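Participant: After the structure tokens below, expect a handful of questions from me.
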Protein chains: 2
Amino acid sequence: MGIVVVGTVAFDTVETPFGKGENVLGGSATYFSTSASFFSDVSLVAVVGEDFPEEHVSFLKSREIDLQGLQRIPGKTFHWSGKYGYDLNEAQTLDTQLNVLLDFKPELPDAYRSTDVLFLANIDPELQLQVLDQVERPRLTACDSMNFWISSKPDALKEVMKRVDIVVINEGEARMLTGEANLVKAARQIISLGCKRLVVKRGEYGVLMFTAETVFAAPAWPLEEVFDPTGAGDTFAGGFMGYLANTGDLSEDGIRQALVFGSVMASFNVEDFSLNRMKRLTYPEIEARYRSFKGLTSFRDLGFN
Amino acid sequence: MGIVVVGTVAFDTVETPFGKGENVLGGSATYFSTSASFFSDVSLVAVVGEDFPEEHVSFLKSREIDLQGLQRIPGKTFHWSGKYGYDLNEAQTLDTQLNVLLDFKPELPDAYRSTDVLFLANIDPELQLQVLDQVERPRLTACDSMNFWISSKPDALKEVMKRVDIVVINEGEARMLTGEANLVKAARQIISLGCKRLVVKRGEYGVLMFTAETVFAAPAWPLEEVFDPTGAGDTFAGGFMGYLANTGDLSEDGIRQALVFGSVMASFNVEDFSLNRMKRLTYPEIEARYRSFKGLTSFRDLGFN
């Protein structure tokens, strides 16, 4: 199955205690599609300005990402600036220049409308709804969001969450959306909005995945060097959805396996600035780290009684 | 194998958003030994004052905990008061009345000196060293500590960590002890002090266990109701060491299994105030939750390539 992802392509200026990247390639759709491209065909819907360099377009093409849906319009590309402290858990946004994003009207090329898998990366939930209206009958849909939309457009966001199969958000956002400090209760509330499955990202603590009946916990890979957490969540989602699109296995076991591949991809991404680690990542490395995750989490069955 | 634990027996006054417990039974050795008693013989070394009621002594006896090492001296029992906010992650200490703890000189009864397993719960590291001097050749020793000793007696504490097999501390303490924000690097530093194994408690995020060559990650059980986190760490350590003492299996697999039993015990303890949940806990419940932990964390092998 192929994936369509709708989100942002951006320039990021990122400062961490380990260095600074200025005007580097970023954006939710960029991280997602690069990560997913290791597993599946990916088509990207986003907007850039006239300043977006051919070099980045070439990189995305080198990952065999379909760019028919990448609009280029007059103006400057979306630019995000942020900074991380030593704990690397939360970015402090220093500046946001929406630029061409202000005029973004996601338009799915005809060939994308029959996609099997759709991922709505973090953008205005009203745009996410417009995209949902343009697809025919995807087998699997998922969305991400952020605190800004939870506070400014909660109703549109809840409508998105009602219409997708899987919601992927972080822990703080799950609590903020529901006003519930206990994460299990917050998860129940979000699932009751209408999605079937909730994936809660907890940064260096890993991921919890809830359905009405099940819970799955996957740790993050304990890394000795984390250079830049930017894009970790989108890279996670790209690996998760990309692996699912590849196998087509939507059983609980199939989805858990895909989720661990998502965690594997995120663990690589944070090892270098921007998408630099993705640029030199190989599939054997991915499989080796998947096996290491098995080793990280394995313990004995009781085996009797 | 049997366990000797040295630590505190206390009265706690605890306030959480869900209620308040005044002068309830608490203390690191109390939580540890109660939890361990589900798996193994336990002998307790601690001090209480004249105000310590027979009711609590009876409870500990009902768990078949050996109380030869429980000193009763003139004065009042150690009393800790604390408060938790909605996130329940960190207690705010409101008051600490050391009372009889000021005069505590741990004296191991002769029968305890040949113990196979020794746990040094959170007390003055100088006292922990005195206890280490009193045991013969235990097969397994472990210690806990806290931020107060890290800042006030770092050298004595490092000496303890050099002499025990397993160090059990929380994430913030590991960072504080080493001045290292990255937990993997902090873990390497602590292991280089001389212990063989480090267990890092991360509250609702579970536990990481490091050796020089391995890492194991166990989640915490995702609970819908957490009433009182007091004693969770000691209850965890009690289940962990108790299970190890029972099986005597100090292989990596054996220690991982024991660690999950520790997590199981902690998950029960926080479901009610003080040791109330422990008082009505049954072994079949423990085994059932161990199996649920398996379900919570299981995912497929790659199975090919």
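Chain labels run A, B, ... following the order of the structure tokens; each chain numbers its residues from 1, and ligands are numbered from 1 in the order shown.
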Check region 22-89 of chain A with DSSP on the backbone and list each residue it calls strand (DSSP E), as a PyMOL selection string.

Facilitator: chain A and resi 22-26+42-48+65-72+79-84

Participant: Keeping N, CA, C and O atoms for every residue in the selection just given, could you write it to a file as a short mmCIF file (atom, residue, chain, number, x, y, z; two decimals), in the first residue's frame?

Facilitator:
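Full text of again.cif as output:
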```
data_model
loop_
_atom_site.label_atom_id
_atom_site.label_comp_id
_atom_site.auth_asym_id
_atom_site.auth_seq_id
_atom_site.Cartn_x
_atom_site.Cartn_y
_atom_site.Cartn_z
N GLU A 22 21.42 26.19 10.91
CA GLU A 22 20.67 27.36 10.43
C GLU A 22 20.04 27.08 9.08
O GLU A 22 20.70 26.60 8.16
N ASN A 23 18.74 27.37 8.99
CA ASN A 23 18.02 27.17 7.73
C ASN A 23 18.21 25.77 7.18
O ASN A 23 18.40 25.57 5.98
N VAL A 24 18.16 24.79 8.08
CA VAL A 24 18.29 23.41 7.62
C VAL A 24 16.92 22.87 7.20
O VAL A 24 15.88 23.43 7.56
N LEU A 25 16.94 21.81 6.43
CA LEU A 25 15.68 21.20 5.98
C LEU A 25 14.91 20.65 7.18
O LEU A 25 15.48 19.97 8.04
N GLY A 26 13.62 20.96 7.23
CA GLY A 26 12.76 20.48 8.31
C GLY A 26 11.32 20.37 7.85
O GLY A 26 11.04 20.38 6.64
N VAL A 42 5.70 6.74 -0.90
CA VAL A 42 5.14 7.89 -0.19
C VAL A 42 4.90 9.03 -1.16
O VAL A 42 5.75 9.32 -2.01
N SER A 43 3.76 9.68 -1.00
CA SER A 43 3.45 10.88 -1.79
C SER A 43 3.24 12.03 -0.82
O SER A 43 2.54 11.88 0.19
N LEU A 44 3.82 13.15 -1.13
CA LEU A 44 3.86 14.26 -0.18
C LEU A 44 3.01 15.44 -0.67
O LEU A 44 3.12 15.85 -1.83
N VAL A 45 2.17 15.97 0.23
CA VAL A 45 1.38 17.16 -0.07
C VAL A 45 1.80 18.26 0.89
O VAL A 45 1.65 18.12 2.12
N ALA A 46 2.36 19.34 0.36
CA ALA A 46 2.83 20.45 1.19
C ALA A 46 3.08 21.65 0.29
O ALA A 46 2.85 21.58 -0.93
N VAL A 47 3.50 22.74 0.91
CA VAL A 47 3.76 23.95 0.12
C VAL A 47 5.14 24.51 0.50
O VAL A 47 5.52 24.48 1.67
N VAL A 48 5.86 24.99 -0.51
CA VAL A 48 7.11 25.70 -0.25
C VAL A 48 7.10 27.00 -1.06
O VAL A 48 6.27 27.20 -1.95
N ILE A 65 10.32 9.77 -3.12
CA ILE A 65 9.07 10.36 -2.64
C ILE A 65 8.39 11.07 -3.80
O ILE A 65 9.03 11.85 -4.52
N ASP A 66 7.11 10.77 -4.00
CA ASP A 66 6.34 11.39 -5.08
C ASP A 66 6.04 12.85 -4.69
O ASP A 66 5.42 13.11 -3.64
N LEU A 67 6.46 13.79 -5.51
CA LEU A 67 6.33 15.21 -5.17
C LEU A 67 5.29 15.95 -6.01
O LEU A 67 5.27 17.19 -6.01
N GLN A 68 4.41 15.19 -6.69
CA GLN A 68 3.33 15.84 -7.44
C GLN A 68 2.52 16.79 -6.58
O GLN A 68 2.00 17.78 -7.08
N GLY A 69 2.39 16.45 -5.29
CA GLY A 69 1.55 17.26 -4.39
C GLY A 69 2.33 18.37 -3.68
O GLY A 69 1.77 19.07 -2.83
N LEU A 70 3.59 18.55 -4.04
CA LEU A 70 4.38 19.62 -3.42
C LEU A 70 4.19 20.91 -4.21
O LEU A 70 4.71 21.07 -5.31
N GLN A 71 3.40 21.82 -3.66
CA GLN A 71 3.14 23.10 -4.33
C GLN A 71 4.30 24.05 -4.09
O GLN A 71 4.85 24.11 -3.01
N ARG A 72 4.62 24.81 -5.15
CA ARG A 72 5.60 25.88 -4.98
C ARG A 72 4.89 27.18 -5.35
O ARG A 72 4.40 27.33 -6.48
N HIS A 79 9.30 28.93 8.10
CA HIS A 79 10.56 28.88 8.84
C HIS A 79 10.29 28.80 10.34
O HIS A 79 9.66 29.68 10.92
N TRP A 80 10.82 27.75 10.98
CA TRP A 80 10.68 27.60 12.43
C TRP A 80 12.05 27.70 13.09
O TRP A 80 13.03 27.13 12.60
N SER A 81 12.11 28.47 14.19
CA SER A 81 13.35 28.55 14.96
C SER A 81 13.09 28.08 16.38
O SER A 81 12.11 28.52 17.02
N GLY A 82 13.95 27.24 16.87
CA GLY A 82 13.77 26.75 18.24
C GLY A 82 15.07 26.37 18.88
O GLY A 82 16.12 26.33 18.25
N LYS A 83 14.96 26.11 20.16
CA LYS A 83 16.13 25.90 21.00
C LYS A 83 15.83 24.79 22.00
O LYS A 83 14.71 24.72 22.52
N TYR A 84 16.81 23.95 22.26
CA TYR A 84 16.64 22.91 23.28
C TYR A 84 17.66 23.11 24.39
O TYR A 84 18.81 23.45 24.11
#
```

Participant: Please identify every residue of chain B that has at least one atom no more than 7 Å from any atom of chain A, counting only C-alpha atoms, and report them as JSON, numbers by chain.

Facilitator: {"B": [86, 87, 181, 182, 184, 185, 205, 215, 216, 217, 218, 219, 222, 223, 224, 253, 256, 257, 296, 297, 299, 300]}

Participant: Counting only C-alpha atoms, which residue out of B:Glu90, B:Leu132, B:Ser251, B:Ser35 sits closest to Gly172 (chain B)?

Facilitator: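 Checking each of B:Glu90, B:Leu132, B:Ser251, B:Ser35 against Gly172 (chain B), counting only C-alpha atoms, the winner is B:Glu90.
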
Participant: Separation of CA of Phe148 (chain B) and CA of Gly194 (chain B), in Å?

Facilitator: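 Interatomic distance here is 21.5 Å.
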
Participant: Please report, as a list in words, each residue of region 66-141 of chain B to which DSSP assigns alpha helix (DSSP H) when run on this structure's backbone.

Facilitator: Pro125, Glu126, Leu127, Gln128, Leu129, Gln130, Val131, Leu132, Asp133 and Gln134 of chain B

Participant: Next, write the just-selected residues to a file, as a tab-separated table (two decimals), in the first residue's frame, keeping N, CA, C and O atoms as the atom set.

Facilitator:
```tsv
chain	number	residue	atom	x	y	z
B	125	PRO	N	24.46	7.10	54.35
B	125	PRO	CA	25.41	6.14	53.76
B	125	PRO	C	26.48	5.69	54.74
B	125	PRO	O	27.03	4.59	54.58
B	126	GLU	N	26.78	6.49	55.76
B	126	GLU	CA	27.75	6.03	56.77
B	126	GLU	C	27.19	4.85	57.55
B	126	GLU	O	27.93	3.92	57.91
B	127	LEU	N	25.87	4.87	57.80
B	127	LEU	CA	25.24	3.72	58.44
B	127	LEU	C	25.22	2.52	57.49
B	127	LEU	O	25.42	1.38	57.91
B	128	GLN	N	24.98	2.81	56.21
B	128	GLN	CA	24.98	1.71	55.23
B	128	GLN	C	26.35	1.01	55.23
B	128	GLN	O	26.43	-0.22	55.17
B	129	LEU	N	27.43	1.81	55.34
B	129	LEU	CA	28.77	1.23	55.38
B	129	LEU	C	28.97	0.38	56.63
B	129	LEU	O	29.56	-0.70	56.59
B	130	GLN	N	28.44	0.88	57.77
B	130	GLN	CA	28.55	0.11	59.01
B	130	GLN	C	27.87	-1.25	58.87
B	130	GLN	O	28.34	-2.26	59.39
B	131	VAL	N	26.75	-1.26	58.15
B	131	VAL	CA	26.03	-2.53	57.96
B	131	VAL	C	26.85	-3.46	57.06
B	131	VAL	O	26.98	-4.66	57.34
B	132	LEU	N	27.41	-2.90	56.01
B	132	LEU	CA	28.23	-3.73	55.11
B	132	LEU	C	29.39	-4.38	55.88
B	132	LEU	O	29.80	-5.50	55.57
B	133	ASP	N	29.88	-3.67	56.90
B	133	ASP	CA	30.97	-4.22	57.70
B	133	ASP	C	30.52	-5.38	58.60
B	133	ASP	O	31.34	-6.12	59.10
B	134	GLN	N	29.21	-5.47	58.81
B	134	GLN	CA	28.69	-6.49	59.73
B	134	GLN	C	28.27	-7.79	59.06
B	134	GLN	O	27.97	-8.77	59.74
```

Participant: Write out as a VMD selection string the residues lying within 8 Å of Asp228 (chain B), counting only C-alpha atoms and excluding same-chain residues fewer than 3 positions away.

Facilitator: chain B and resid 16 88 270 to 274

Participant: If you count only C-alpha atoms, which residues fall within 12 Å of Thr115 (chain B), apart from same-chain ones fewer than 5 positions away, as a PDB file with all heavy atoms, in the first residue's frame?

Facilitator:
```
ATOM      1  N   MET B   1      16.932 -18.296  49.535  1.00  0.00           N
ATOM      2  CA  MET B   1      17.783 -17.368  50.270  1.00  0.00           C
ATOM      3  C   MET B   1      16.908 -16.378  51.037  1.00  0.00           C
ATOM      4  O   MET B   1      15.804 -16.050  50.604  1.00  0.00           O
ATOM      5  CB  MET B   1      18.662 -16.587  49.281  1.00  0.00           C
ATOM      6  CG  MET B   1      19.513 -17.506  48.377  1.00  0.00           C
ATOM      7  SD  MET B   1      20.850 -16.629  47.515  1.00  0.00           S
ATOM      8  CE  MET B   1      19.939 -15.732  46.265  1.00  0.00           C
ATOM      9  N   GLY B   2      17.410 -15.920  52.180  1.00  0.00           N
ATOM     10  CA  GLY B   2      16.677 -14.909  52.934  1.00  0.00           C
ATOM     11  C   GLY B   2      17.293 -13.539  52.714  1.00  0.00           C
ATOM     12  O   GLY B   2      18.429 -13.420  52.251  1.00  0.00           O
ATOM     13  N   ILE B   3      16.507 -12.509  53.051  1.00  0.00           N
ATOM     14  CA  ILE B   3      16.969 -11.133  52.883  1.00  0.00           C
ATOM     15  C   ILE B   3      17.037 -10.426  54.216  1.00  0.00           C
ATOM     16  O   ILE B   3      16.129 -10.571  55.040  1.00  0.00           O
ATOM     17  CB  ILE B   3      15.978 -10.309  52.032  1.00  0.00           C
ATOM     18  CG1 ILE B   3      15.689 -11.000  50.701  1.00  0.00           C
ATOM     19  CG2 ILE B   3      16.494  -8.897  51.797  1.00  0.00           C
ATOM     20  CD1 ILE B   3      14.798 -10.165  49.810  1.00  0.00           C
ATOM     21  N   VAL B   4      18.066  -9.622  54.398  1.00  0.00           N
ATOM     22  CA  VAL B   4      18.076  -8.643  55.484  1.00  0.00           C
ATOM     23  C   VAL B   4      17.936  -7.264  54.857  1.00  0.00           C
ATOM     24  O   VAL B   4      18.632  -6.939  53.890  1.00  0.00           O
ATOM     25  CB  VAL B   4      19.388  -8.721  56.302  1.00  0.00           C
ATOM     26  CG1 VAL B   4      19.523  -7.525  57.233  1.00  0.00           C
ATOM     27  CG2 VAL B   4      19.433 -10.026  57.090  1.00  0.00           C
ATOM     28  N   VAL B   5      17.025  -6.462  55.385  1.00  0.00           N
ATOM     29  CA  VAL B   5      16.879  -5.078  54.929  1.00  0.00           C
ATOM     30  C   VAL B   5      17.134  -4.140  56.099  1.00  0.00           C
ATOM     31  O   VAL B   5      16.646  -4.369  57.208  1.00  0.00           O
ATOM     32  CB  VAL B   5      15.498  -4.809  54.310  1.00  0.00           C
ATOM     33  CG1 VAL B   5      14.359  -5.190  55.244  1.00  0.00           C
ATOM     34  CG2 VAL B   5      15.360  -3.320  53.891  1.00  0.00           C
ATOM     35  N   ASP B  41      11.856 -15.063  52.743  1.00  0.00           N
ATOM     36  CA  ASP B  41      12.000 -14.716  54.161  1.00  0.00           C
ATOM     37  C   ASP B  41      12.691 -13.358  54.256  1.00  0.00           C
ATOM     38  O   ASP B  41      13.648 -13.090  53.526  1.00  0.00           O
ATOM     39  CB  ASP B  41      12.892 -15.750  54.870  1.00  0.00           C
ATOM     40  CG  ASP B  41      12.193 -17.095  54.972  1.00  0.00           C
ATOM     41  OD1 ASP B  41      10.948 -17.122  54.959  1.00  0.00           O
ATOM     42  OD2 ASP B  41      12.905 -18.120  55.041  1.00  0.00           O
ATOM     43  N   VAL B  42      12.217 -12.513  55.146  1.00  0.00           N
ATOM     44  CA  VAL B  42      12.792 -11.178  55.297  1.00  0.00           C
ATOM     45  C   VAL B  42      13.056 -10.890  56.763  1.00  0.00           C
ATOM     46  O   VAL B  42      12.219 -11.192  57.615  1.00  0.00           O
ATOM     47  CB  VAL B  42      11.840 -10.072  54.787  1.00  0.00           C
ATOM     48  CG1 VAL B  42      12.586  -8.753  54.682  1.00  0.00           C
ATOM     49  CG2 VAL B  42      11.209 -10.436  53.464  1.00  0.00           C
ATOM     50  N   SER B  43      14.206 -10.297  57.023  1.00  0.00           N
ATOM     51  CA  SER B  43      14.534  -9.837  58.372  1.00  0.00           C
ATOM     52  C   SER B  43      14.773  -8.339  58.311  1.00  0.00           C
ATOM     53  O   SER B  43      15.465  -7.849  57.425  1.00  0.00           O
ATOM     54  CB  SER B  43      15.810 -10.527  58.871  1.00  0.00           C
ATOM     55  OG  SER B  43      15.627 -11.923  58.832  1.00  0.00           O
ATOM     56  N   LEU B  44      14.203  -7.622  59.266  1.00  0.00           N
ATOM     57  CA  LEU B  44      14.197  -6.171  59.205  1.00  0.00           C
ATOM     58  C   LEU B  44      15.061  -5.556  60.293  1.00  0.00           C
ATOM     59  O   LEU B  44      14.970  -5.943  61.467  1.00  0.00           O
ATOM     60  CB  LEU B  44      12.735  -5.720  59.335  1.00  0.00           C
ATOM     61  CG  LEU B  44      12.352  -4.251  59.273  1.00  0.00           C
ATOM     62  CD1 LEU B  44      10.892  -4.157  58.837  1.00  0.00           C
ATOM     63  CD2 LEU B  44      12.529  -3.584  60.624  1.00  0.00           C
ATOM     64  N   LEU B 108      23.267  -5.612  63.520  1.00  0.00           N
ATOM     65  CA  LEU B 108      22.689  -6.840  62.985  1.00  0.00           C
ATOM     66  C   LEU B 108      22.740  -7.930  64.047  1.00  0.00           C
ATOM     67  O   LEU B 108      23.814  -8.254  64.573  1.00  0.00           O
ATOM     68  CB  LEU B 108      23.458  -7.307  61.745  1.00  0.00           C
ATOM     69  CG  LEU B 108      22.877  -6.846  60.407  1.00  0.00           C
ATOM     70  CD1 LEU B 108      22.687  -5.348  60.369  1.00  0.00           C
ATOM     71  CD2 LEU B 108      23.690  -7.350  59.237  1.00  0.00           C
ATOM     72  N   PRO B 109      21.574  -8.516  64.388  1.00  0.00           N
ATOM     73  CA  PRO B 109      21.596  -9.699  65.262  1.00  0.00           C
ATOM     74  C   PRO B 109      22.504 -10.749  64.621  1.00  0.00           C
ATOM     75  O   PRO B 109      22.624 -10.811  63.395  1.00  0.00           O
ATOM     76  CB  PRO B 109      20.131 -10.171  65.249  1.00  0.00           C
ATOM     77  CG  PRO B 109      19.328  -8.951  64.882  1.00  0.00           C
ATOM     78  CD  PRO B 109      20.208  -8.140  63.993  1.00  0.00           C
ATOM     79  N   ASP B 110      23.160 -11.560  65.461  1.00  0.00           N
ATOM     80  CA  ASP B 110      24.127 -12.531  64.941  1.00  0.00           C
ATOM     81  C   ASP B 110      23.574 -13.379  63.800  1.00  0.00           C
ATOM     82  O   ASP B 110      24.270 -13.629  62.808  1.00  0.00           O
ATOM     83  CB  ASP B 110      24.601 -13.457  66.074  1.00  0.00           C
ATOM     84  CG  ASP B 110      25.596 -12.727  66.977  1.00  0.00           C
ATOM     85  OD1 ASP B 110      26.122 -11.683  66.533  1.00  0.00           O
ATOM     86  OD2 ASP B 110      25.819 -13.186  68.103  1.00  0.00           O
ATOM     87  N   VAL B 131      26.746  -1.261  58.152  1.00  0.00           N
ATOM     88  CA  VAL B 131      26.030  -2.529  57.962  1.00  0.00           C
ATOM     89  C   VAL B 131      26.847  -3.459  57.065  1.00  0.00           C
ATOM     90  O   VAL B 131      26.978  -4.659  57.342  1.00  0.00           O
ATOM     91  CB  VAL B 131      24.626  -2.281  57.363  1.00  0.00           C
ATOM     92  CG1 VAL B 131      23.952  -3.604  57.029  1.00  0.00           C
ATOM     93  CG2 VAL B 131      23.776  -1.472  58.329  1.00  0.00           C
ATOM     94  N   LEU B 132      27.414  -2.898  56.007  1.00  0.00           N
ATOM     95  CA  LEU B 132      28.234  -3.728  55.112  1.00  0.00           C
ATOM     96  C   LEU B 132      29.389  -4.382  55.878  1.00  0.00           C
ATOM     97  O   LEU B 132      29.802  -5.498  55.569  1.00  0.00           O
ATOM     98  CB  LEU B 132      28.776  -2.882  53.954  1.00  0.00           C
ATOM     99  CG  LEU B 132      27.776  -2.605  52.823  1.00  0.00           C
ATOM    100  CD1 LEU B 132      28.331  -1.551  51.863  1.00  0.00           C
ATOM    101  CD2 LEU B 132      27.441  -3.891  52.054  1.00  0.00           C
ATOM    102  N   GLN B 134      29.207  -5.471  58.813  1.00  0.00           N
ATOM    103  CA  GLN B 134      28.695  -6.490  59.731  1.00  0.00           C
ATOM    104  C   GLN B 134      28.272  -7.791  59.058  1.00  0.00           C
ATOM    105  O   GLN B 134      27.971  -8.769  59.740  1.00  0.00           O
ATOM    106  CB  GLN B 134      27.512  -5.933  60.531  1.00  0.00           C
ATOM    107  CG  GLN B 134      27.894  -4.794  61.468  1.00  0.00           C
ATOM    108  CD  GLN B 134      26.671  -4.176  62.142  1.00  0.00           C
ATOM    109  OE1 GLN B 134      25.836  -4.881  62.696  1.00  0.00           O
ATOM    110  NE2 GLN B 134      26.555  -2.864  62.083  1.00  0.00           N
ATOM    111  N   VAL B 135      28.197  -7.783  57.731  1.00  0.00           N
ATOM    112  CA  VAL B 135      27.763  -9.028  57.077  1.00  0.00           C
ATOM    113  C   VAL B 135      28.978  -9.830  56.615  1.00  0.00           C
ATOM    114  O   VAL B 135      30.052  -9.267  56.382  1.00  0.00           O
ATOM    115  CB  VAL B 135      26.813  -8.764  55.885  1.00  0.00           C
ATOM    116  CG1 VAL B 135      25.469  -8.256  56.378  1.00  0.00           C
ATOM    117  CG2 VAL B 135      27.423  -7.793  54.874  1.00  0.00           C
ATOM    118  N   GLU B 136      28.783 -11.159  56.508  1.00  0.00           N
ATOM    119  CA  GLU B 136      29.910 -12.021  56.173  1.00  0.00           C
ATOM    120  C   GLU B 136      30.176 -12.044  54.665  1.00  0.00           C
ATOM    121  O   GLU B 136      30.964 -11.254  54.170  1.00  0.00           O
ATOM    122  CB  GLU B 136      29.674 -13.415  56.779  1.00  0.00           C
ATOM    123  CG  GLU B 136      29.897 -13.365  58.287  1.00  0.00           C
ATOM    124  CD  GLU B 136      29.240 -14.519  59.031  1.00  0.00           C
ATOM    125  OE1 GLU B 136      28.826 -15.516  58.396  1.00  0.00           O
ATOM    126  OE2 GLU B 136      29.126 -14.421  60.281  1.00  0.00           O
ATOM    127  N   ARG B 137      29.506 -12.933  53.967  1.00  0.00           N
ATOM    128  CA  ARG B 137      29.720 -12.941  52.515  1.00  0.00           C
ATOM    129  C   ARG B 137      28.383 -13.082  51.792  1.00  0.00           C
ATOM    130  O   ARG B 137      28.068 -14.147  51.248  1.00  0.00           O
ATOM    131  CB  ARG B 137      30.632 -14.101  52.107  1.00  0.00           C
ATOM    132  CG  ARG B 137      32.092 -13.905  52.473  1.00  0.00           C
ATOM    133  CD  ARG B 137      32.927 -15.039  51.859  1.00  0.00           C
ATOM    134  NE  ARG B 137      32.942 -14.985  50.393  1.00  0.00           N
ATOM    135  CZ  ARG B 137      33.806 -14.255  49.700  1.00  0.00           C
ATOM    136  NH1 ARG B 137      34.693 -13.510  50.311  1.00  0.00           N
ATOM    137  NH2 ARG B 137      33.767 -14.277  48.383  1.00  0.00           N
ATOM    138  N   PRO B 138      27.574 -12.036  51.778  1.00  0.00           N
ATOM    139  CA  PRO B 138      26.281 -12.147  51.094  1.00  0.00           C
ATOM    140  C   PRO B 138      26.482 -12.437  49.597  1.00  0.00           C
ATOM    141  O   PRO B 138      27.468 -11.995  49.019  1.00  0.00           O
ATOM    142  CB  PRO B 138      25.639 -10.775  51.297  1.00  0.00           C
ATOM    143  CG  PRO B 138      26.760  -9.855  51.631  1.00  0.00           C
ATOM    144  CD  PRO B 138      27.795 -10.683  52.314  1.00  0.00           C
ATOM    145  N   ARG B 139      25.560 -13.200  49.012  1.00  0.00           N
ATOM    146  CA  ARG B 139      25.640 -13.471  47.567  1.00  0.00           C
ATOM    147  C   ARG B 139      25.241 -12.239  46.771  1.00  0.00           C
ATOM    148  O   ARG B 139      25.650 -12.061  45.638  1.00  0.00           O
ATOM    149  CB  ARG B 139      24.709 -14.629  47.175  1.00  0.00           C
ATOM    150  CG  ARG B 139      25.327 -16.002  47.407  1.00  0.00           C
ATOM    151  CD  ARG B 139      24.490 -17.084  46.736  1.00  0.00           C
ATOM    152  NE  ARG B 139      24.419 -16.906  45.282  1.00  0.00           N
ATOM    153  CZ  ARG B 139      23.516 -17.467  44.502  1.00  0.00           C
ATOM    154  NH1 ARG B 139      22.579 -18.241  45.030  1.00  0.00           N
ATOM    155  NH2 ARG B 139      23.513 -17.269  43.198  1.00  0.00           N
ATOM    156  N   LEU B 140      24.402 -11.398  47.394  1.00  0.00           N
ATOM    157  CA  LEU B 140      23.870 -10.257  46.649  1.00  0.00           C
ATOM    158  C   LEU B 140      23.616  -9.090  47.599  1.00  0.00           C
ATOM    159  O   LEU B 140      22.951  -9.250  48.612  1.00  0.00           O
ATOM    160  CB  LEU B 140      22.549 -10.664  45.971  1.00  0.00           C
ATOM    161  CG  LEU B 140      21.889  -9.613  45.083  1.00  0.00           C
ATOM    162  CD1 LEU B 140      22.724  -9.380  43.826  1.00  0.00           C
ATOM    163  CD2 LEU B 140      20.481 -10.060  44.690  1.00  0.00           C
ATOM    164  N   THR B 141      24.146  -7.924  47.243  1.00  0.00           N
ATOM    165  CA  THR B 141      23.900  -6.723  48.047  1.00  0.00           C
ATOM    166  C   THR B 141      23.401  -5.614  47.120  1.00  0.00           C
ATOM    167  O   THR B 141      23.815  -5.519  45.958  1.00  0.00           O
ATOM    168  CB  THR B 141      25.201  -6.228  48.710  1.00  0.00           C
ATOM    169  OG1 THR B 141      26.197  -6.061  47.699  1.00  0.00           O
ATOM    170  CG2 THR B 141      25.698  -7.195  49.759  1.00  0.00           C
ATOM    171  N   ALA B 245      15.825 -13.384  45.754  1.00  0.00           N
ATOM    172  CA  ALA B 245      16.179 -14.209  46.903  1.00  0.00           C
ATOM    173  C   ALA B 245      15.462 -15.549  46.818  1.00  0.00           C
ATOM    174  O   ALA B 245      16.007 -16.594  47.186  1.00  0.00           O
ATOM    175  CB  ALA B 245      15.819 -13.491  48.201  1.00  0.00           C
TER     176      ALA B 245
END
```

Participant: Report, in Å with one decimal, the straight-line distance from CA of Ala232 (chain B) to CA of Val200 (chain B).

Facilitator: 13.2 Å

Participant: Check the smallest atom-to-atom distance from each of B:Leu281, B:Leu98, B:Ala174, B:Ala29 to Gly233 (chain B) using only C-alpha atoms, then report the winner.

Facilitator: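 Nearest to Gly233 (chain B): B:Ala29.
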
Participant: Looking at A:Thr8, A:Thr77, A:Gln189, A:Asn147, which one is nearest to Met161 (chain A), with distances taken over only C-alpha atoms?

Facilitator: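 The closest residue to Met161 (chain A) is A:Gln189.
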